[in-house]
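Everything below concerns the one structure shown next.
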Amino acid sequence: MSNHTITSPAVHESPFESMLKRFNIAADLLQLGERERAILSKPSKIVIVNLPVRMDDGSTKVYEGYRVVHSTVLGPSKGGIRYAPEVNMDEVKALAAWMTWKCAVVGLPYGGAKGGITCNPKQMSENELEMLTRKYTIALQDIFGVNQDVPAPDMNTGPREMGWIVDEYSRIKGYQPGVVTGKPIELGGSLGRVAATGRGVMTTAMCALEKMGIKPSDCTAAVQGFGNVGSYGALLLAEKGVKIVAISDVSGGYHNTAGIDIAAAMEYVATHKSLEGFTGGSKISNAELLCLPIDILVPAAMEDVITVTNAGDIKAKLIVEGANGPVAASADAILDSKGIVIVPDILANSGGVTVSYFEWVQNRRGHYYTEAEVNAKADPMLIRAFEEVYAASKEFKCNMRIAAYVVSIRRVAKGLKYHGNL
Ligand code: NAD
């Protein structure tokens, strides 16, 4: 958890450049060979598909979809599918690489991939979304596969979309529930998957607090993003005694120094679809939430919310990255200089893919675990991953983020070596 600086503070760097900057620092520390560095700094496969969808009004719209496989060195590639208007190739490439590092840091037998469709799901009907998801599955039928490439949910996709994918894929190739994870329980989903990423945020936050010598019950926290990751992360942190004083979503932030009732906020969102109108706290902006005087900050919404512009104003002692890439690489040096401890995304939000792995294992075995069994298998894996990253931060005298890359790259590079030279 000591300092390691990044020297070129570009403000508008791309997520993939952010990934590469950290990758290169860790690769230097590891004295990674040229061959490994060259292979691992590029995605192994990029697919772009155009998906015609007949809209409810009879018109046809063509949506652009992506699937990027970054690596299959340690096993089939694994990674979610994101639906959003701003989805683009650079973002998907970064997310795919982060999946490689994330799976490797926990020690899962997977490579990394990511997919996305540039669309605005909020303005589409359920029927249009189903047609779009089926078209995407048909277009990628030879990329996806139980032992090849296994998608999962990400921003704006969930069990419903995964259900459509497994249905369409099985229609074409025969029954294969393990081709996708994050499915509804009735279609072979795993108990514990819905809360798994938030649970990992809580588990790794507890590990960090222990190293920092701080009791959870002495902490306040703010959580940006109140979707799957943020809401369960907040709920489980609160169960550990952390006082959640602010939450937010796309409608803005809600602040209450007496503590927010997270279960009530989740119920509110289940009914109203967003926090808009929530009366459990006074209204603040998302930008203000990030800079509140709190102990723990959980950015759990999107990329690049902490940059050179606001990093100097962050007051939290600990940042636990629920979202992928919430801190731009150019902000790392500023946060380091302030002594802020960061549990990086590839470790903090790895609980989701860990339980996805158990879903895939259960699908392949046709034998299903209870939620308690799933948590009892996943929790120690995250704690062990945290300890390994913490030990690497001491060994290489770097922050936890670079240490997480060190642990991952070391594992993937070894795998690459054992594959041989072809
Ligand atoms: P989600 O769609 O369930 O929730 C996203 C939340 O962020 C919503 O509350 C939304 O209102 C809010 N949000 C959107 N734009 C915002 C903005 N401009 N300002 C503030 N809030 C905004 O998504 P999710 O699954 O919770 O994913 C959140 C992040 O976590 C993403 O970066 C995703 O890649 C990452 N992640 C998710 C999982 C998972 O299992 N769901 C696993 C690993 C990483």
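Letters A, B, ... go to the chains of the structure tokens in the order shown; residues in each chain start at 1; ligands are counted from 1 in the same order.
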
Selection as a PyMOL selection string: residues within 7 Å of ligand 1 by only C-alpha atoms and all ligand atoms: chain A and resi 153-156+196-197+224-230+248-252+274+286+300-303+322-325+349-350+352-353

Secondary structure check, strand (DSSP E) residues of range 173-405 of chain A, as a ChimeraX atom specification: /A:220-224,243-249,252-255,282-284,296-299,318-320,341-343

Long-range neighbours of Ser41 in chain A as a ChimeraX atom specification, 12 Å cut-off, only C-alpha atoms, 3 positions minimum in chain: /A:16-24,26-27,32,34-38,44,70-71,93-94,96-98,100-101,409,412-413

Generate the output file for the selected residues, N, CA and C atoms, as a PDB file, in the first residue's frame.
```pdb
ATOM      1  N   PHE A  16      -8.804   1.910 -22.255  1.00  0.00           N
ATOM      2  CA  PHE A  16      -7.804   0.915 -22.634  1.00  0.00           C
ATOM      3  C   PHE A  16      -6.396   1.438 -22.342  1.00  0.00           C
ATOM      4  N   GLU A  17      -6.189   2.760 -22.583  1.00  0.00           N
ATOM      5  CA  GLU A  17      -4.881   3.349 -22.246  1.00  0.00           C
ATOM      6  C   GLU A  17      -4.645   3.297 -20.751  1.00  0.00           C
ATOM      7  N   SER A  18      -5.704   3.563 -19.970  1.00  0.00           N
ATOM      8  CA  SER A  18      -5.609   3.475 -18.501  1.00  0.00           C
ATOM      9  C   SER A  18      -5.152   2.085 -18.095  1.00  0.00           C
ATOM     10  N   MET A  19      -5.762   1.068 -18.734  1.00  0.00           N
ATOM     11  CA  MET A  19      -5.411  -0.317 -18.427  1.00  0.00           C
ATOM     12  C   MET A  19      -3.935  -0.567 -18.766  1.00  0.00           C
ATOM     13  N   LEU A  20      -3.535  -0.100 -19.963  1.00  0.00           N
ATOM     14  CA  LEU A  20      -2.161  -0.364 -20.417  1.00  0.00           C
ATOM     15  C   LEU A  20      -1.109   0.303 -19.537  1.00  0.00           C
ATOM     16  N   LYS A  21      -1.419   1.523 -19.048  1.00  0.00           N
ATOM     17  CA  LYS A  21      -0.467   2.227 -18.180  1.00  0.00           C
ATOM     18  C   LYS A  21      -0.173   1.401 -16.940  1.00  0.00           C
ATOM     19  N   ARG A  22      -1.223   0.895 -16.329  1.00  0.00           N
ATOM     20  CA  ARG A  22      -1.035   0.093 -15.104  1.00  0.00           C
ATOM     21  C   ARG A  22      -0.375  -1.240 -15.451  1.00  0.00           C
ATOM     22  N   PHE A  23      -0.795  -1.830 -16.574  1.00  0.00           N
ATOM     23  CA  PHE A  23      -0.203  -3.098 -17.021  1.00  0.00           C
ATOM     24  C   PHE A  23       1.314  -2.931 -17.176  1.00  0.00           C
ATOM     25  N   ASN A  24       1.733  -1.827 -17.815  1.00  0.00           N
ATOM     26  CA  ASN A  24       3.159  -1.627 -18.086  1.00  0.00           C
ATOM     27  C   ASN A  24       3.965  -1.412 -16.813  1.00  0.00           C
ATOM     28  N   ALA A  26       3.244  -2.691 -13.863  1.00  0.00           N
ATOM     29  CA  ALA A  26       3.363  -4.017 -13.232  1.00  0.00           C
ATOM     30  C   ALA A  26       4.312  -4.906 -14.030  1.00  0.00           C
ATOM     31  N   ALA A  27       4.240  -4.804 -15.359  1.00  0.00           N
ATOM     32  CA  ALA A  27       5.117  -5.620 -16.210  1.00  0.00           C
ATOM     33  C   ALA A  27       6.581  -5.252 -15.971  1.00  0.00           C
ATOM     34  N   LEU A  32       8.790  -8.479 -17.032  1.00  0.00           N
ATOM     35  CA  LEU A  32       8.084  -9.369 -17.959  1.00  0.00           C
ATOM     36  C   LEU A  32       8.806  -9.408 -19.309  1.00  0.00           C
ATOM     37  N   GLU A  34       9.591  -9.699 -23.360  1.00  0.00           N
ATOM     38  CA  GLU A  34       9.000  -8.981 -24.490  1.00  0.00           C
ATOM     39  C   GLU A  34       7.835  -9.753 -25.117  1.00  0.00           C
ATOM     40  N   ARG A  35       7.995 -11.082 -25.231  1.00  0.00           N
ATOM     41  CA  ARG A  35       6.958 -11.898 -25.878  1.00  0.00           C
ATOM     42  C   ARG A  35       5.652 -11.828 -25.086  1.00  0.00           C
ATOM     43  N   GLU A  36       5.754 -12.041 -23.768  1.00  0.00           N
ATOM     44  CA  GLU A  36       4.555 -12.009 -22.916  1.00  0.00           C
ATOM     45  C   GLU A  36       3.923 -10.623 -22.941  1.00  0.00           C
ATOM     46  N   ARG A  37       4.782  -9.596 -22.875  1.00  0.00           N
ATOM     47  CA  ARG A  37       4.273  -8.221 -22.863  1.00  0.00           C
ATOM     48  C   ARG A  37       3.523  -7.915 -24.160  1.00  0.00           C
ATOM     49  N   ALA A  38       4.095  -8.344 -25.269  1.00  0.00           N
ATOM     50  CA  ALA A  38       3.472  -8.063 -26.572  1.00  0.00           C
ATOM     51  C   ALA A  38       2.131  -8.782 -26.683  1.00  0.00           C
ATOM     52  N   SER A  44      -6.942 -10.833 -28.045  1.00  0.00           N
ATOM     53  CA  SER A  44      -6.651 -11.896 -29.005  1.00  0.00           C
ATOM     54  C   SER A  44      -7.697 -11.961 -30.114  1.00  0.00           C
ATOM     55  N   HIS A  70      -9.988 -11.013 -24.799  1.00  0.00           N
ATOM     56  CA  HIS A  70      -8.625 -10.532 -24.544  1.00  0.00           C
ATOM     57  C   HIS A  70      -7.650 -11.687 -24.415  1.00  0.00           C
ATOM     58  N   SER A  71      -8.059 -12.745 -23.681  1.00  0.00           N
ATOM     59  CA  SER A  71      -7.123 -13.855 -23.463  1.00  0.00           C
ATOM     60  C   SER A  71      -7.873 -15.142 -23.172  1.00  0.00           C
ATOM     61  N   LYS A  93     -12.664  -3.149 -25.123  1.00  0.00           N
ATOM     62  CA  LYS A  93     -11.308  -3.716 -25.086  1.00  0.00           C
ATOM     63  C   LYS A  93     -10.719  -3.626 -23.674  1.00  0.00           C
ATOM     64  N   ALA A  94     -10.916  -2.478 -23.035  1.00  0.00           N
ATOM     65  CA  ALA A  94     -10.402  -2.316 -21.659  1.00  0.00           C
ATOM     66  C   ALA A  94     -11.101  -3.286 -20.715  1.00  0.00           C
ATOM     67  N   ALA A  96     -12.497  -6.082 -21.405  1.00  0.00           N
ATOM     68  CA  ALA A  96     -12.089  -7.467 -21.681  1.00  0.00           C
ATOM     69  C   ALA A  96     -10.757  -7.778 -21.001  1.00  0.00           C
ATOM     70  N   ALA A  97      -9.813  -6.833 -21.100  1.00  0.00           N
ATOM     71  CA  ALA A  97      -8.504  -7.045 -20.458  1.00  0.00           C
ATOM     72  C   ALA A  97      -8.669  -7.122 -18.938  1.00  0.00           C
ATOM     73  N   TRP A  98      -9.492  -6.227 -18.370  1.00  0.00           N
ATOM     74  CA  TRP A  98      -9.715  -6.265 -16.917  1.00  0.00           C
ATOM     75  C   TRP A  98     -10.276  -7.619 -16.492  1.00  0.00           C
ATOM     76  N   THR A 100      -9.534 -10.501 -17.846  1.00  0.00           N
ATOM     77  CA  THR A 100      -8.389 -11.428 -17.782  1.00  0.00           C
ATOM     78  C   THR A 100      -7.698 -11.274 -16.428  1.00  0.00           C
ATOM     79  N   TRP A 101      -7.416 -10.021 -16.042  1.00  0.00           N
ATOM     80  CA  TRP A 101      -6.685  -9.784 -14.777  1.00  0.00           C
ATOM     81  C   TRP A 101      -7.553 -10.163 -13.581  1.00  0.00           C
ATOM     82  N   ILE A 409      -0.774 -10.756 -13.775  1.00  0.00           N
ATOM     83  CA  ILE A 409       0.115 -10.897 -14.944  1.00  0.00           C
ATOM     84  C   ILE A 409       1.080 -12.052 -14.717  1.00  0.00           C
ATOM     85  N   VAL A 412      -0.854 -15.261 -15.494  1.00  0.00           N
ATOM     86  CA  VAL A 412      -1.152 -15.455 -16.920  1.00  0.00           C
ATOM     87  C   VAL A 412       0.147 -15.702 -17.695  1.00  0.00           C
ATOM     88  N   ALA A 413       1.204 -14.977 -17.330  1.00  0.00           N
ATOM     89  CA  ALA A 413       2.492 -15.142 -18.032  1.00  0.00           C
ATOM     90  C   ALA A 413       3.027 -16.560 -17.835  1.00  0.00           C
TER      91      ALA A 413
END
```

Contacts of Glu388 in chain A at 12 Å or less, counting only C-alpha atoms, minus same-chain residues fewer than 6 places along, as an mmCIF file with all heavy atoms, in the first residue's frame?
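Final output, result_2.cif:
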```cif
data_model
loop_
_atom_site.group_PDB
_atom_site.id
_atom_site.type_symbol
_atom_site.label_atom_id
_atom_site.label_comp_id
_atom_site.auth_asym_id
_atom_site.auth_seq_id
_atom_site.Cartn_x
_atom_site.Cartn_y
_atom_site.Cartn_z
ATOM 1 N N ALA A 104 -7.717 -13.907 -13.162
ATOM 2 C CA ALA A 104 -6.409 -14.418 -12.740
ATOM 3 C C ALA A 104 -6.111 -14.051 -11.294
ATOM 4 O O ALA A 104 -5.490 -14.831 -10.567
ATOM 5 C CB ALA A 104 -5.322 -13.883 -13.663
ATOM 6 N N VAL A 105 -6.557 -12.881 -10.853
ATOM 7 C CA VAL A 105 -6.216 -12.465 -9.482
ATOM 8 C C VAL A 105 -6.895 -13.389 -8.456
ATOM 9 O O VAL A 105 -6.354 -13.681 -7.402
ATOM 10 C CB VAL A 105 -6.531 -10.958 -9.244
ATOM 11 C CG1 VAL A 105 -7.939 -10.710 -8.782
ATOM 12 C CG2 VAL A 105 -5.567 -10.376 -8.218
ATOM 13 N N VAL A 106 -8.095 -13.870 -8.804
ATOM 14 C CA VAL A 106 -8.803 -14.780 -7.881
ATOM 15 C C VAL A 106 -8.359 -16.235 -8.110
ATOM 16 O O VAL A 106 -8.662 -17.107 -7.304
ATOM 17 C CB VAL A 106 -10.340 -14.686 -8.074
ATOM 18 C CG1 VAL A 106 -11.088 -15.280 -6.889
ATOM 19 C CG2 VAL A 106 -10.796 -13.266 -8.278
ATOM 20 N N GLY A 107 -7.684 -16.483 -9.215
ATOM 21 C CA GLY A 107 -7.250 -17.850 -9.498
ATOM 22 C C GLY A 107 -8.320 -18.693 -10.177
ATOM 23 O O GLY A 107 -8.352 -19.914 -10.025
ATOM 24 N N CYS A 207 -11.300 -6.736 4.656
ATOM 25 C CA CYS A 207 -9.874 -7.113 4.671
ATOM 26 C C CYS A 207 -9.009 -5.852 4.765
ATOM 27 O O CYS A 207 -8.046 -5.794 5.540
ATOM 28 C CB CYS A 207 -9.493 -7.866 3.394
ATOM 29 S SG CYS A 207 -10.215 -9.491 3.236
ATOM 30 N N LEU A 347 -9.923 -6.642 -8.091
ATOM 31 C CA LEU A 347 -10.032 -7.432 -6.864
ATOM 32 C C LEU A 347 -11.386 -7.175 -6.177
ATOM 33 O O LEU A 347 -12.109 -8.113 -5.837
ATOM 34 C CB LEU A 347 -8.873 -7.050 -5.924
ATOM 35 C CG LEU A 347 -8.843 -7.681 -4.538
ATOM 36 C CD1 LEU A 347 -8.739 -9.200 -4.632
ATOM 37 C CD2 LEU A 347 -7.658 -7.136 -3.732
ATOM 38 N N MET A 381 -11.982 -17.481 -1.208
ATOM 39 C CA MET A 381 -11.193 -17.209 -2.425
ATOM 40 C C MET A 381 -10.863 -15.719 -2.522
ATOM 41 O O MET A 381 -9.752 -15.345 -2.900
ATOM 42 C CB MET A 381 -11.965 -17.654 -3.672
ATOM 43 C CG MET A 381 -12.056 -19.167 -3.773
ATOM 44 S SD MET A 381 -13.061 -19.723 -5.157
ATOM 45 C CE MET A 381 -11.960 -19.442 -6.516
ATOM 46 N N LEU A 382 -11.838 -14.879 -2.150
ATOM 47 C CA LEU A 382 -11.599 -13.438 -2.217
ATOM 48 C C LEU A 382 -10.619 -12.998 -1.129
ATOM 49 O O LEU A 382 -9.751 -12.142 -1.364
ATOM 50 C CB LEU A 382 -12.909 -12.658 -2.072
ATOM 51 C CG LEU A 382 -13.937 -12.793 -3.174
ATOM 52 C CD1 LEU A 382 -14.887 -11.610 -3.182
ATOM 53 C CD2 LEU A 382 -13.301 -12.903 -4.539
ATOM 54 N N LYS A 394 3.622 -5.320 -0.679
ATOM 55 C CA LYS A 394 4.788 -5.185 0.215
ATOM 56 C C LYS A 394 6.061 -5.595 -0.534
ATOM 57 O O LYS A 394 7.070 -4.911 -0.478
ATOM 58 C CB LYS A 394 4.618 -6.084 1.454
ATOM 59 C CG LYS A 394 3.443 -5.693 2.327
ATOM 60 C CD LYS A 394 3.699 -4.338 2.950
ATOM 61 C CE LYS A 394 2.469 -3.762 3.614
ATOM 62 N NZ LYS A 394 2.453 -2.323 3.738
ATOM 63 N N GLU A 395 5.970 -6.739 -1.236
ATOM 64 C CA GLU A 395 7.157 -7.267 -1.921
ATOM 65 C C GLU A 395 7.679 -6.289 -2.982
ATOM 66 O O GLU A 395 8.881 -6.058 -3.090
ATOM 67 C CB GLU A 395 6.799 -8.622 -2.579
ATOM 68 C CG GLU A 395 7.987 -9.289 -3.254
ATOM 69 C CD GLU A 395 7.572 -10.540 -4.046
ATOM 70 O OE1 GLU A 395 6.444 -11.054 -3.852
ATOM 71 O OE2 GLU A 395 8.400 -10.983 -4.872
ATOM 72 N N MET A 400 -1.913 -1.132 -4.028
ATOM 73 C CA MET A 400 -2.690 -2.377 -4.183
ATOM 74 C C MET A 400 -3.109 -2.602 -5.638
ATOM 75 O O MET A 400 -3.258 -3.735 -6.086
ATOM 76 C CB MET A 400 -3.944 -2.330 -3.307
ATOM 77 C CG MET A 400 -3.658 -2.430 -1.829
ATOM 78 S SD MET A 400 -3.390 -4.160 -1.317
ATOM 79 C CE MET A 400 -5.066 -4.773 -1.321
ATOM 80 N N ALA A 403 -0.189 -3.955 -7.462
ATOM 81 C CA ALA A 403 0.049 -5.295 -6.903
ATOM 82 C C ALA A 403 -0.939 -6.312 -7.472
ATOM 83 O O ALA A 403 -0.585 -7.465 -7.744
ATOM 84 C CB ALA A 403 -0.050 -5.248 -5.378
ATOM 85 N N ALA A 404 -2.179 -5.890 -7.674
ATOM 86 C CA ALA A 404 -3.189 -6.807 -8.237
ATOM 87 C C ALA A 404 -2.813 -7.182 -9.672
ATOM 88 O O ALA A 404 -2.947 -8.338 -10.083
ATOM 89 C CB ALA A 404 -4.574 -6.152 -8.191
ATOM 90 N N TYR A 405 -2.318 -6.189 -10.423
ATOM 91 C CA TYR A 405 -1.842 -6.477 -11.788
ATOM 92 C C TYR A 405 -0.646 -7.419 -11.733
ATOM 93 O O TYR A 405 -0.531 -8.333 -12.549
ATOM 94 C CB TYR A 405 -1.436 -5.180 -12.502
ATOM 95 C CG TYR A 405 -2.586 -4.456 -13.181
ATOM 96 C CD1 TYR A 405 -3.507 -3.717 -12.456
ATOM 97 C CD2 TYR A 405 -2.732 -4.492 -14.561
ATOM 98 C CE1 TYR A 405 -4.548 -3.043 -13.066
ATOM 99 C CE2 TYR A 405 -3.771 -3.825 -15.187
ATOM 100 C CZ TYR A 405 -4.679 -3.104 -14.432
ATOM 101 O OH TYR A 405 -5.709 -2.444 -15.042
ATOM 102 N N VAL A 406 0.246 -7.201 -10.766
ATOM 103 C CA VAL A 406 1.442 -8.048 -10.639
ATOM 104 C C VAL A 406 1.016 -9.507 -10.438
ATOM 105 O O VAL A 406 1.492 -10.413 -11.134
ATOM 106 C CB VAL A 406 2.332 -7.570 -9.460
ATOM 107 C CG1 VAL A 406 3.311 -8.658 -9.029
ATOM 108 C CG2 VAL A 406 3.077 -6.298 -9.836
ATOM 109 N N VAL A 407 0.089 -9.721 -9.491
ATOM 110 C CA VAL A 407 -0.362 -11.094 -9.190
ATOM 111 C C VAL A 407 -0.993 -11.718 -10.437
ATOM 112 O O VAL A 407 -0.715 -12.870 -10.798
ATOM 113 C CB VAL A 407 -1.368 -11.086 -8.007
ATOM 114 C CG1 VAL A 407 -2.049 -12.434 -7.843
ATOM 115 C CG2 VAL A 407 -0.659 -10.687 -6.714
ATOM 116 N N SER A 408 -1.836 -10.951 -11.142
ATOM 117 C CA SER A 408 -2.540 -11.482 -12.314
ATOM 118 C C SER A 408 -1.595 -11.753 -13.474
ATOM 119 O O SER A 408 -1.629 -12.825 -14.080
ATOM 120 C CB SER A 408 -3.577 -10.485 -12.826
ATOM 121 O OG SER A 408 -4.404 -10.077 -11.809
ATOM 122 N N ARG A 410 1.562 -12.181 -13.472
ATOM 123 C CA ARG A 410 2.493 -13.268 -13.152
ATOM 124 C C ARG A 410 1.846 -14.618 -13.456
ATOM 125 O O ARG A 410 2.439 -15.499 -14.052
ATOM 126 C CB ARG A 410 2.853 -13.153 -11.668
ATOM 127 C CG ARG A 410 4.014 -14.003 -11.229
ATOM 128 C CD ARG A 410 4.542 -13.592 -9.866
ATOM 129 N NE ARG A 410 3.497 -13.459 -8.849
ATOM 130 C CZ ARG A 410 3.697 -12.904 -7.649
ATOM 131 N NH1 ARG A 410 4.870 -12.432 -7.314
ATOM 132 N NH2 ARG A 410 2.713 -12.824 -6.778
ATOM 133 N N ARG A 411 0.548 -14.736 -13.057
ATOM 134 C CA ARG A 411 -0.156 -16.008 -13.266
ATOM 135 C C ARG A 411 -0.386 -16.278 -14.760
ATOM 136 O O ARG A 411 -0.158 -17.381 -15.246
ATOM 137 C CB ARG A 411 -1.488 -15.952 -12.507
ATOM 138 C CG ARG A 411 -2.085 -17.278 -12.223
ATOM 139 C CD ARG A 411 -3.157 -17.195 -11.137
ATOM 140 N NE ARG A 411 -2.651 -17.428 -9.802
ATOM 141 C CZ ARG A 411 -3.123 -16.854 -8.689
ATOM 142 N NH1 ARG A 411 -4.104 -15.988 -8.746
ATOM 143 N NH2 ARG A 411 -2.604 -17.144 -7.526
#
```

Helix (DSSP H, G or I) per DSSP on the backbone: members of range 131-257 of chain A, as number ranges by chain: A: 131-139, 159-173, 177-179, 185-187, 193-212, 216-218, 228-239

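Candidate residues A:Val62, A:Ala264, A:Ala287, A:Val92 were compared for distance to Ile46 in chain A, and the nearest is A:Val92, using only C-alpha atoms.
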